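Source file: query23.cif; contents: mmCIF, C-alpha atoms.
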data_coords
loop_
_atom_site.label_atom_id
_atom_site.label_comp_id
_atom_site.auth_asym_id
_atom_site.auth_seq_id
_atom_site.Cartn_x
_atom_site.Cartn_y
_atom_site.Cartn_z
CA MET R 1 77.96 139.18 210.64
CA LYS R 2 75.73 136.93 208.57
CA LYS R 3 78.21 137.06 205.68
CA ILE R 4 81.08 135.98 207.90
CA LEU R 5 79.03 133.13 209.32
CA LEU R 6 78.05 132.03 205.81
CA ILE R 7 81.67 132.04 204.58
CA PHE R 8 82.80 130.16 207.69
CA SER R 9 80.10 127.51 207.23
CA VAL R 10 80.99 126.99 203.54
CA LEU R 11 84.69 126.56 204.40
CA SER R 12 83.96 124.22 207.27
CA LEU R 13 81.70 122.07 205.05
CA GLN R 14 84.51 121.76 202.51
CA LEU R 15 86.91 120.66 205.24
CA PHE R 16 84.34 118.28 206.66
CA PHE R 17 83.71 116.55 203.32
CA SER R 18 87.33 116.42 202.20
CA GLN R 19 88.92 113.00 202.28
CA LYS R 20 92.45 111.89 202.73
CA GLY R 21 93.65 109.61 199.97
CA LYS R 22 95.47 106.44 200.75
CA GLU R 23 98.73 105.64 199.03
CA PRO R 24 98.35 102.50 196.94
CA LYS R 25 100.47 99.59 197.97
CA THR R 26 102.94 98.80 195.20
CA GLU R 27 104.87 95.94 196.75
CA GLY R 28 103.05 93.18 194.89
CA LYS R 29 102.38 95.22 191.76
CA LYS R 30 105.98 96.31 191.27
CA ASN R 31 106.99 93.06 189.59
CA ILE R 32 103.91 93.06 187.36
CA VAL R 33 104.65 96.57 186.10
CA GLU R 34 108.28 95.73 185.41
CA ASN R 35 107.34 92.58 183.51
CA THR R 36 104.79 94.34 181.30
CA LYS R 37 107.07 97.19 180.23
CA PRO R 38 107.57 97.08 176.47
CA SER R 39 111.09 96.42 175.32
CA LEU R 40 112.84 99.38 173.73
CA SER R 41 114.51 97.18 171.15
CA LEU R 42 113.13 94.95 168.45
CA SER R 43 113.62 91.19 168.38
CA LYS R 44 115.49 89.52 165.51
CA GLU R 45 112.24 88.12 164.12
CA GLU R 46 110.63 91.56 164.11
CA ILE R 47 113.66 93.12 162.45
CA GLU R 48 113.65 90.43 159.75
CA MET R 49 109.92 90.89 159.12
CA TYR R 50 110.06 94.70 158.96
CA ASN R 51 113.26 94.68 156.88
CA GLY R 52 111.64 92.27 154.40
CA LYS R 53 108.60 94.53 154.03
CA PHE R 54 110.85 97.57 153.53
CA LEU R 55 112.91 95.83 150.85
CA LYS R 56 109.72 94.71 149.06
CA PHE R 57 108.53 98.33 149.14
CA ILE R 58 111.85 99.53 147.67
CA GLU R 59 111.59 96.93 144.87
CA ALA R 60 108.03 98.09 144.11
CA LEU R 61 109.23 101.72 144.19
CA LYS R 62 112.03 100.80 141.77
CA ALA R 63 109.51 99.20 139.40
CA SER R 64 106.95 102.00 139.96
CA ASP R 65 104.36 99.36 140.91
CA ARG R 66 101.66 101.39 142.66
CA LYS R 67 99.52 98.37 143.59
CA ALA R 68 102.43 96.56 145.27
CA MET R 69 103.39 99.70 147.20
CA ASP R 70 99.79 100.26 148.34
CA ALA R 71 99.57 96.64 149.51
CA LEU R 72 102.54 97.20 151.83
CA LEU R 73 101.22 100.46 153.33
CA SER R 74 99.00 100.69 156.40
CA GLU R 75 95.49 102.11 156.15
CA ARG R 76 96.61 105.32 157.90
CA ALA R 77 99.38 105.85 155.36
CA LYS R 78 97.17 105.08 152.35
CA LYS R 79 94.91 108.00 153.25
CA MET R 80 97.79 110.47 152.98
CA VAL R 81 99.96 109.07 150.18
CA THR R 82 99.48 110.41 146.67
CA ASP R 83 101.36 110.03 143.39
CA VAL R 84 103.37 113.13 144.29
CA VAL R 85 104.60 111.43 147.47
CA TYR R 86 105.67 108.35 145.50
CA GLN R 87 107.51 110.55 142.99
CA LYS R 88 109.28 112.40 145.81
CA LEU R 89 110.29 109.11 147.44
CA SER R 90 111.66 107.71 144.18
CA ALA R 91 113.66 110.91 143.67
CA ASP R 92 115.03 110.98 147.25
CA ILE R 93 115.84 107.26 147.64
CA ASN R 94 118.45 105.67 145.40
CA THR R 95 116.87 102.30 144.70
CA GLN R 96 119.98 101.08 142.83
CA LYS R 97 122.01 100.91 146.07
CA THR R 98 121.74 98.36 148.85
CA PHE R 99 120.71 99.28 152.39
CA GLU R 100 122.25 98.59 155.76
CA ILE R 101 120.45 98.79 159.11
CA ILE R 102 122.04 101.27 161.48
CA LYS R 103 119.41 101.59 164.22
CA THR R 104 116.26 99.82 165.39
CA GLY R 105 113.79 100.72 168.10
CA TYR R 106 110.51 102.52 168.61
CA LYS R 107 109.51 105.90 167.20
CA PRO R 108 107.21 107.99 169.42
CA LEU R 109 104.51 109.95 167.63
CA ILE R 110 102.77 113.19 168.58
CA ASP R 111 99.70 111.38 169.93
CA GLY R 112 101.85 109.49 172.48
CA SER R 113 101.84 106.15 170.71
CA SER R 114 105.05 104.52 169.56
CA PHE R 115 105.70 102.26 166.59
CA PRO R 116 108.58 100.01 165.51
CA MET R 117 111.23 101.84 163.51
CA ILE R 118 114.31 100.89 161.51
CA GLN R 119 116.88 103.37 160.21
CA TYR R 120 118.90 102.53 157.12
CA LYS R 121 121.95 103.92 155.38
CA TYR R 122 123.41 103.04 152.01
CA SER R 123 125.91 100.16 152.24
CA ASP R 124 128.59 102.06 150.34
CA ASP R 125 128.52 104.95 152.86
CA LYS R 126 131.42 104.07 155.15
CA ALA R 127 131.46 107.34 157.14
CA ALA R 128 130.95 107.21 160.91
CA GLU R 129 127.98 109.53 160.47
CA PRO R 130 126.11 108.62 157.26
CA LYS R 131 125.24 111.36 154.78
CA GLU R 132 121.80 109.95 154.03
CA VAL R 133 119.50 108.16 156.49
CA ILE R 134 116.18 106.53 155.63
CA THR R 135 113.77 105.98 158.51
CA ALA R 136 110.98 103.44 158.09
CA VAL R 137 108.17 103.28 160.66
CA PHE R 138 105.94 100.21 160.83
CA GLU R 139 102.77 99.04 162.49
CA ALA R 140 103.01 95.92 164.66
CA SER R 141 101.40 93.93 161.83
CA GLY R 142 104.32 94.77 159.53
CA LYS R 143 102.52 97.32 157.38
CA ILE R 144 104.54 100.44 156.59
CA LEU R 145 103.33 103.56 158.38
CA GLY R 146 105.88 105.92 156.87
CA ILE R 147 109.24 106.26 155.14
CA LYS R 148 111.34 109.37 155.53
CA PRO R 149 114.61 109.89 153.67
CA TYR R 150 116.87 112.44 155.33
CA LYS R 151 120.08 114.00 154.01
CA ILE R 152 122.50 115.23 156.66
CA THR R 153 124.10 118.52 155.68
CA LYS R 154 126.69 120.40 157.64
#

Could you spell out this file's structure in structure tokens?
Amino acid sequence: MKKILLIFSVLSLQLFFSQKGKEPKTEGKKNIVENTKPSLSLSKEEIEMYNGKFLKFIEALKASDRKAMDALLSERAKKMVTDVVYQKLSADINTQKTFEIIKTGYKPLIDGSSFPMIQYKYSDDKAAEPKEVITAVFEASGKILGIKPYKITK
């Protein structure tokens, strides 16, 4: 009998101390939330800035100028990039061709953050679906976070 009374008292204490939560009022905050949502597209100024940094990086890659390439990379990228990565990039990206922007926006990362991104194709590739795509991810400051060339094979 004592055990039953003990269990009943523990359960009744939990019910006694439980609280009902109030729903927050969102009428006034609705407009604030909508106005602070980040845009999913990049502005023309941002595209021009990021595109300029990318083209400078490609010129430095073409000339094999390690100091110029390092100056354009973000601190996060500098920690991971080695000479092997630069050699792989120079082998995978044809620096003799010109580039054309095919897509801009934000690239979500594994940690939940998202960064500005521009996807390029070679200007001479006139196919509806390009054979080679180069994705460049940037920090808001314009520093390059990563460049990934990708060949589409079917």

For Tyr150 of chain R: contacts at 10 Å, all atoms listed in the file, fewer than 2 positions along chain excluded, given as a CSV table (one decimal) with C-alpha atoms, keeping the file's coordinate frame:
chain,number,residue,atom,x,y,z
R,92,ASP,CA,115.0,111.0,147.2
R,93,ILE,CA,115.8,107.3,147.6
R,121,LYS,CA,122.0,103.9,155.4
R,131,LYS,CA,125.2,111.4,154.8
R,132,GLU,CA,121.8,110.0,154.0
R,133,VAL,CA,119.5,108.2,156.5
R,134,ILE,CA,116.2,106.5,155.6
R,135,THR,CA,113.8,106.0,158.5
R,147,ILE,CA,109.2,106.3,155.1
R,148,LYS,CA,111.3,109.4,155.5
R,152,ILE,CA,122.5,115.2,156.7
R,153,THR,CA,124.1,118.5,155.7

State, in Å with one decimal place, the distance from atom CA of Met49 of chain R to atom CA of Lys103 of chain R.
-> 15.2 Å

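Applied to the file shown here, the PyMOL selection byres ((chain R and resi 86-91) around 9) selects the residues Ile58, Leu61, Lys62, Ser64, Arg66, Val81, Thr82, Asp83, Val84, Val85, Asp92, Ile93, Asn94, Thr95, Ile147, Lys148 and Pro149 of chain R.
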
Go ahead and save the picked residues with C-alpha atoms, as a compact mmCIF listing (two decimals), in the coordinates of the input.
# COMPACT_ATOMS: atom_id res chain seq x y z
CA ILE R 58 111.85 99.53 147.67
CA LEU R 61 109.23 101.72 144.19
CA LYS R 62 112.03 100.80 141.77
CA SER R 64 106.95 102.00 139.96
CA ARG R 66 101.66 101.39 142.66
CA VAL R 81 99.96 109.07 150.18
CA THR R 82 99.48 110.41 146.67
CA ASP R 83 101.36 110.03 143.39
CA VAL R 84 103.37 113.13 144.29
CA VAL R 85 104.60 111.43 147.47
CA ASP R 92 115.03 110.98 147.25
CA ILE R 93 115.84 107.26 147.64
CA ASN R 94 118.45 105.67 145.40
CA THR R 95 116.87 102.30 144.70
CA ILE R 147 109.24 106.26 155.14
CA LYS R 148 111.34 109.37 155.53
CA PRO R 149 114.61 109.89 153.67

Contacts of segment 104-117 of chain R at 8 Å or less, counting all atoms listed in the file, minus same-chain residues fewer than 2 places along, as a ChimeraX atom specification?
-> /R:40-42,47,101-102,119,135-140

Would you write out those residues with C-alpha atoms, as a PDB file, in the frame of the given file?
ATOM      1  CA  LEU R  40     112.840  99.380 173.730  1.00  0.00           C
ATOM      2  CA  SER R  41     114.510  97.180 171.150  1.00  0.00           C
ATOM      3  CA  LEU R  42     113.130  94.950 168.450  1.00  0.00           C
ATOM      4  CA  ILE R  47     113.660  93.120 162.450  1.00  0.00           C
ATOM      5  CA  ILE R 101     120.450  98.790 159.110  1.00  0.00           C
ATOM      6  CA  ILE R 102     122.040 101.270 161.480  1.00  0.00           C
ATOM      7  CA  GLN R 119     116.880 103.370 160.210  1.00  0.00           C
ATOM      8  CA  THR R 135     113.770 105.980 158.510  1.00  0.00           C
ATOM      9  CA  ALA R 136     110.980 103.440 158.090  1.00  0.00           C
ATOM     10  CA  VAL R 137     108.170 103.280 160.660  1.00  0.00           C
ATOM     11  CA  PHE R 138     105.940 100.210 160.830  1.00  0.00           C
ATOM     12  CA  GLU R 139     102.770  99.040 162.490  1.00  0.00           C
ATOM     13  CA  ALA R 140     103.010  95.920 164.660  1.00  0.00           C
TER      14      ALA R 140
END

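Separating atom CA of Leu55 of chain R from atom CA of Thr98 of chain R is a distance of 9.4 Å.
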
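Our summary of the geometry notes that atom CA of Asp70 of chain R is positioned 24.1 Å from atom CA of Tyr122 of chain R.
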
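Using only C-alpha atoms, the nearest neighbour of Glu75 of chain R within the list R:Ser141, R:Gln96, R:Ser9, R:Asn51 is R:Ser141.
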
List as an mmCIF file with C-alpha atoms, keeping the file's coordinate frame the residues having at least one atom at most 6 Å from position (103.6, 99.4, 153.4) as given in the file, counting all atoms listed in the file.
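Wrote result_15.cif, looks like this:
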data_model
loop_
_atom_site.group_PDB
_atom_site.id
_atom_site.type_symbol
_atom_site.label_atom_id
_atom_site.label_comp_id
_atom_site.auth_asym_id
_atom_site.auth_seq_id
_atom_site.Cartn_x
_atom_site.Cartn_y
_atom_site.Cartn_z
ATOM 1 C CA LEU R 72 102.540 97.200 151.830
ATOM 2 C CA LEU R 73 101.220 100.460 153.330
ATOM 3 C CA SER R 74 99.000 100.690 156.400
ATOM 4 C CA LYS R 143 102.520 97.320 157.380
ATOM 5 C CA ILE R 144 104.540 100.440 156.590
#

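Checking R:Asp124, R:Phe99, R:Ile7, R:Leu145 one by one against Ala77 of chain R, counting all atoms listed in the file, you find the shortest gap at R:Leu145.
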